[in-house]
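Chemist: Just dropping this structure here.
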Amino acid sequence: MNLLDLARTTSFRLALTFLLLFSAASVGLFAFVHWETKDFLSDKTDEWVGREIASLQRLDAAQLMTRLKQSELDPGTTERPFALYDPSGRRLAGTPIDISPETLKLAVPSDFMATVNGKRRQFRGRVLARSGGNYLLVAQGLHEQGEFDERLFDATLLAALATAFLGLVGAIFLGAGSMRQIDNITRATERIVKGDLSQRLPVGKGSGDIDRLTHVVNGMLTEIERLMHEVKGVCDNIAHDMRTPLTRLLAGLERTRRRAEALTDYEEGIDDAIEEIRGILKTFSALLRISEVEDGIRRSGFVDTDLSVIAQDAVELFEPTAEERGIELRYVERLEGPATIAGDPDLLFEAVSNLIDNALKFTPAGGQIEVTVSRASTGLSISVDDTGPGIPEEEVEAVLRRFHRAERSRTTPGNGLGLSLVAAIARLHELDLVLGKTGTGCRVTMLHPASKPVRQT
Amino acid sequence: MSTVLVVEDDEKTALEITAALSDNGCSVVRVDNGRAGLLEAASTSFDAIVLDRMLPGHMDGLGLLAALRAAQIETPVLILSALSAVDERVRGLKAGGDDYLTKPFETLELTARIDVLVRRRRTTAAETVLRVGDLEMNLLTHSVKRGGQTIDLLPREYALLEYLMRHSGQLVTRTMLFEEVWHYHYHEQTNVIDVHISKLRRKVDLPGSPQLIHTLRGSGYILNEPA
């Protein structure tokens, strides 16, 4: 793990930023507590000094002297000194504490420095001028307060260190976690780039943003893999479907070359070749047609198209074929009013023809095919029902793929592109193509959701 | 012999078209740009024009067509185009084209269509009865008789037979039938048209009488007077 990389991870940076913000806020809070406490303590001192001065003023000279003597004898009073000075600042009586002459001018409670037992200490107090030129000092030592300050500072420092340590460890932990995930994702991506499309990005346990992203990317990868397989499948199928007729063509031409004697033999050989090539061209045309439809250029040529006319024409076109195979082909209409949508009539007709042609291929003699145009609450629809074997559930998706042919239909003519074309035409017209099994066979529906009746409000 | 003007800039395509039309018994003049095409069409009387839609230079196919029609030259025009969309086709026909063929096409499809265009020009008189051999179609009463015997036809069968009779002696491709009789434009790949024709044939070509409707393998049909 590279430290520089770690510093670059988003989670590490975020954690560090929050650590700094939190520290700044804490320092502010401690400073506030410190000042407030100090203020409070000073106020308390001032209050006490005031009370003391007031009570001293009520005493006469003798009583005052007694009090001064008491505090002179009590060594504990150095914390709350009480002494009398002459105008030069010399102590006359009271607590043994030496002050500078300036201190005698303190008529309101203030901080000052004084010497007690040879030590310089900070005090807070005031001086009362007595009649007779002497000065009386009442003060309180600030030693305790200083100690409190020191402790508060120590505590703050300790807390700050602990916070910084924990925060850094947390940031490294988080950063390392996301770095590991990103390293994993990078490795997986590199494998995918190298061609292993079955790889997926590793997904963590959480529902974090990276995990959400990996889920989306994995979904995309699945889709890409499917498409790649489909493209490969289509290529394979084209190659396969072309090889057979091309081999036949080659064999036919070689045979003609070898055996033909009369001109008619050659003519026959050429005719066979032409027929074979026509079939190959047919498949290519069908493929190109699907992409042409998928390109959507034809949407510009949309006109109002009556689905019932399309369906009737298609049924009529296939009637003789159905009759020949002993299948009943019927047109059914469940409509009130017109069945008009914006569309390309040629393409819609081609789609319906393809569906009927498919149904004819799969329906045994004696069966029935129904082409229905109806208007329901879901919109206009055109569907083709047959009494064939139906499409098995698991094949529903596959049949829309290019070149797919049901196993049993490998021998029937066709290139397996019919339904793909229908699907492309349906998409172009914003029709939903629904394949389903009915009790008696298969139903393919093209539903036009846009023609859903508008609710009257 | 009919004369056809081919306006096509692509050498290979032009060569194929010229060869196919010559083999079909036409004399062909070929130019490779719109200006030359207009000069040629204005100075000589052609029976039909094969016009590529995309042409180099200032005058494309539709421009040439518009200029021709503006000069009241009514020679039938078959438009060739790489664009197959419906509105493209409609635009081509609206500009004064008589038929429209999408590239790539089979030469047979082209020559069959040119035959129809040339012939259409020669028979403009309003007919009320079509006759081919002993087959007779009354266009007013919609009745069809063969050798005096009435044949009952469904509306679509009637339309099919009418088209075949109007173009008797000419090759009619499946695509042409599909476009003219069903009025949908795409290359129908299945054999439905064949089934329709064979049904019609069963009604028209009764056993014992000479065959009128002939199939040309892989290409289409032809309604011929018996020799």
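Identifiers in the structure tokens: chain A, B, ... in order shown; residue index from 1 per chain; ligand index from 1 in order shown.
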Check range 17-202 of chain B with DSSP on the backbone and list each residue it calls alpha helix (DSSP H), as a PyMOL selection string.

Modeler: chain B and resi 17-23+34-43+61-70+86-94+107-122+155-166+174-177+192-202

Chemist: Show which residues sit within 6 Å of range 339-346 of chain A, as a ChimeraX atom specification. Count only C-alpha atoms, and ignore same-chain residues fewer than 3 positions away.

Modeler: /A:302-307,349 /B:184-185

Chemist: Could you pull out the residues in range 35-222 of chain B that DSSP calls strand (DSSP E or B) from the backbone, as number ranges by chain?

Modeler: B: 48-52, 77-81, 99-102, 129-132, 135-138, 143-146, 149-151, 172-173, 213-216, 220-222

Chemist: Within 10 Å of chain A, which residues of chain B are there when counting only C-alpha atoms? Please give them as a PyMOL selection string.

Modeler: chain B and resi 84-90+104+106+156+178+182-199+217-219

Chemist: So how many Å separate CA of Gly167 in chain A and CA of Leu21 in chain A, to one decimal?

Modeler: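 Between CA of Gly167 in chain A and CA of Leu21 in chain A the gap is 11.3 Å.
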
Chemist: Can you list, as a PDB file with C-alpha atoms, in the first residue's frame, every protein, DNA or RNA residue that comes within 8 Å of Val29 in chain B when you count only C-alpha atoms, leaving out same-chain residues fewer than 5 positions away?

Modeler:
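Output file selection-v4.pdb follows:
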```
ATOM      1  CA  THR B   3     -34.939   3.094 -77.217  1.00  0.00           C
ATOM      2  CA  VAL B   4     -34.014   3.726 -73.620  1.00  0.00           C
ATOM      3  CA  LEU B   5     -31.913   6.522 -72.097  1.00  0.00           C
ATOM      4  CA  VAL B   6     -29.855   5.478 -69.094  1.00  0.00           C
TER       5      VAL B   6
END
```

Chemist: Fewer than 6 positions away in the same chain doesn't count, so skip those; otherwise give me all residues within 9 Å of Met165 in chain B, counting only C-alpha atoms, as a PyMOL selection string.

Modeler: chain B and resi 130-132+137+223-224

Chemist: Atoms to include: N, CA and C atoms. Write the selected residues as an mmCIF file, in the first residue's frame.

Modeler:
```cif
data_model
loop_
_atom_site.group_PDB
_atom_site.id
_atom_site.type_symbol
_atom_site.label_atom_id
_atom_site.label_comp_id
_atom_site.auth_asym_id
_atom_site.auth_seq_id
_atom_site.Cartn_x
_atom_site.Cartn_y
_atom_site.Cartn_z
ATOM 1 N N LEU B 130 -60.592 -6.839 -72.499
ATOM 2 C CA LEU B 130 -59.241 -7.338 -72.722
ATOM 3 C C LEU B 130 -59.359 -8.749 -73.285
ATOM 4 N N ARG B 131 -58.527 -9.046 -74.306
ATOM 5 C CA ARG B 131 -58.595 -10.385 -74.911
ATOM 6 C C ARG B 131 -57.207 -10.955 -75.061
ATOM 7 N N VAL B 132 -57.040 -12.182 -74.603
ATOM 8 C CA VAL B 132 -55.807 -12.918 -74.863
ATOM 9 C C VAL B 132 -56.230 -14.325 -75.269
ATOM 10 N N MET B 137 -61.915 -10.589 -70.900
ATOM 11 C CA MET B 137 -62.264 -9.921 -69.640
ATOM 12 C C MET B 137 -63.001 -8.632 -69.973
ATOM 13 N N LEU B 223 -48.294 -14.049 -69.250
ATOM 14 C CA LEU B 223 -49.560 -14.506 -69.830
ATOM 15 C C LEU B 223 -49.397 -14.416 -71.340
ATOM 16 N N ASN B 224 -49.382 -15.590 -71.983
ATOM 17 C CA ASN B 224 -49.083 -15.633 -73.410
ATOM 18 C C ASN B 224 -50.230 -16.220 -74.200
#
```

Chemist: Please list as a compact mmCIF listing (two decimals) with N, CA, C and O atoms, in the first residue's frame every residue within 10 Å of range 138-150 of chain B, counting only C-alpha atoms and excluding residues in the same chain fewer than 3 positions away.

Modeler:
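Now in result-v6.txt:
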```
# COMPACT_ATOMS: atom_id res chain seq x y z
N GLU B 127 -59.76 0.90 -72.98
CA GLU B 127 -60.32 -0.36 -73.44
C GLU B 127 -61.45 -0.77 -72.52
O GLU B 127 -61.44 -0.44 -71.34
N THR B 128 -62.40 -1.49 -73.06
CA THR B 128 -63.47 -2.01 -72.22
C THR B 128 -63.38 -3.53 -72.14
O THR B 128 -63.88 -4.12 -71.20
N VAL B 129 -62.73 -4.14 -73.11
CA VAL B 129 -62.59 -5.59 -73.09
C VAL B 129 -61.13 -5.95 -73.36
O VAL B 129 -60.51 -5.41 -74.26
N LEU B 130 -60.59 -6.84 -72.50
CA LEU B 130 -59.24 -7.34 -72.72
C LEU B 130 -59.36 -8.75 -73.29
O LEU B 130 -60.19 -9.54 -72.83
N ARG B 131 -58.53 -9.05 -74.31
CA ARG B 131 -58.60 -10.38 -74.91
C ARG B 131 -57.21 -10.96 -75.06
O ARG B 131 -56.31 -10.30 -75.59
N VAL B 132 -57.04 -12.18 -74.60
CA VAL B 132 -55.81 -12.92 -74.86
C VAL B 132 -56.23 -14.32 -75.27
O VAL B 132 -56.77 -15.07 -74.45
N GLY B 133 -56.03 -14.65 -76.56
CA GLY B 133 -56.50 -15.94 -77.06
C GLY B 133 -58.00 -16.03 -76.89
O GLY B 133 -58.74 -15.11 -77.26
N ASP B 134 -58.46 -17.12 -76.28
CA ASP B 134 -59.91 -17.25 -76.08
C ASP B 134 -60.33 -16.78 -74.68
O ASP B 134 -61.44 -17.02 -74.24
N LEU B 135 -59.40 -16.09 -74.00
CA LEU B 135 -59.73 -15.54 -72.68
C LEU B 135 -60.18 -14.09 -72.85
O LEU B 135 -59.55 -13.30 -73.55
N LEU B 153 -64.37 -15.39 -60.40
CA LEU B 153 -63.12 -15.03 -59.74
C LEU B 153 -63.39 -14.17 -58.50
O LEU B 153 -64.32 -13.37 -58.48
N PRO B 155 -62.32 -11.05 -56.00
CA PRO B 155 -61.84 -9.71 -56.41
C PRO B 155 -60.32 -9.66 -56.63
O PRO B 155 -59.85 -9.09 -57.61
N TYR B 158 -59.34 -11.46 -59.74
CA TYR B 158 -59.70 -10.64 -60.89
C TYR B 158 -58.61 -9.59 -61.13
O TYR B 158 -58.15 -9.39 -62.25
N ALA B 159 -58.18 -8.94 -60.05
CA ALA B 159 -57.15 -7.90 -60.17
C ALA B 159 -55.85 -8.49 -60.71
O ALA B 159 -55.18 -7.89 -61.56
N LEU B 161 -55.52 -11.21 -62.59
CA LEU B 161 -55.69 -11.58 -64.00
C LEU B 161 -55.70 -10.34 -64.88
O LEU B 161 -55.11 -10.32 -65.96
N GLU B 162 -56.33 -9.28 -64.37
CA GLU B 162 -56.39 -8.05 -65.16
C GLU B 162 -54.98 -7.52 -65.42
O GLU B 162 -54.63 -7.15 -66.54
N LYS B 203 -58.29 -22.00 -62.21
CA LYS B 203 -59.59 -21.55 -62.71
C LYS B 203 -59.53 -21.18 -64.18
O LYS B 203 -60.50 -21.36 -64.91
N VAL B 204 -58.38 -20.63 -64.59
CA VAL B 204 -58.29 -20.11 -65.96
C VAL B 204 -57.83 -21.18 -66.95
O VAL B 204 -58.42 -21.36 -68.01
N ASP B 205 -56.76 -21.87 -66.57
CA ASP B 205 -56.22 -22.89 -67.47
C ASP B 205 -56.87 -24.23 -67.17
O ASP B 205 -56.32 -25.06 -66.46
N LEU B 206 -58.08 -24.41 -67.77
CA LEU B 206 -58.79 -25.65 -67.50
C LEU B 206 -58.13 -26.80 -68.25
O LEU B 206 -57.53 -26.59 -69.30
N SER B 209 -57.65 -27.24 -72.35
CA SER B 209 -57.42 -26.02 -73.13
C SER B 209 -55.94 -25.63 -72.99
O SER B 209 -55.31 -25.95 -71.98
```

Chemist: Which is closer to Phe12 in chain A than all the others in A:Gly219, A:Gly441, A:Gly337, A:Gly170, using only C-alpha atoms?

Modeler: A:Gly170

Chemist: Could you check how far CA of Lys232 in chain A sits from CA of Ile290 in chain A, in Å to one decimal?

Modeler: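 Going from CA of Lys232 in chain A over to CA of Ile290 in chain A covers 17.1 Å.
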
Chemist: Compile the contact shell of Ile17 in chain B as an NGL selection string: residues with an atom at most 9 Å away, counting only C-alpha atoms, same-chain residues fewer than 4 positions apart removed.

Modeler: :B and (6 or 12-13 or 21-22 or 50 or 107 or 110-111)

Chemist: For the selection just defined, write its residues with C-alpha atoms to a file, as a compact mmCIF listing (two decimals), in the first residue's frame.

Modeler:
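New file part.txt:
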```txt
# COMPACT_ATOMS: atom_id res chain seq x y z
CA VAL B 6 -29.85 5.48 -69.09
CA LYS B 12 -20.40 -0.90 -63.36
CA THR B 13 -24.09 -0.38 -62.68
CA LEU B 21 -31.67 -3.72 -71.65
CA SER B 22 -29.79 -4.60 -74.87
CA VAL B 50 -33.72 4.92 -66.44
CA THR B 107 -31.66 -6.78 -63.79
CA LEU B 110 -35.51 -3.62 -64.23
CA THR B 111 -36.15 -4.92 -67.73
```

Chemist: With a distance cut-off of 9 Å and only C-alpha atoms, select the neighbouring residues of Met59 in chain B, excluding the residue or stretch itself and same-chain residues fewer than 5 positions from it, and output the selection as a ChimeraX atom specification.

Modeler: /B:33-35,64
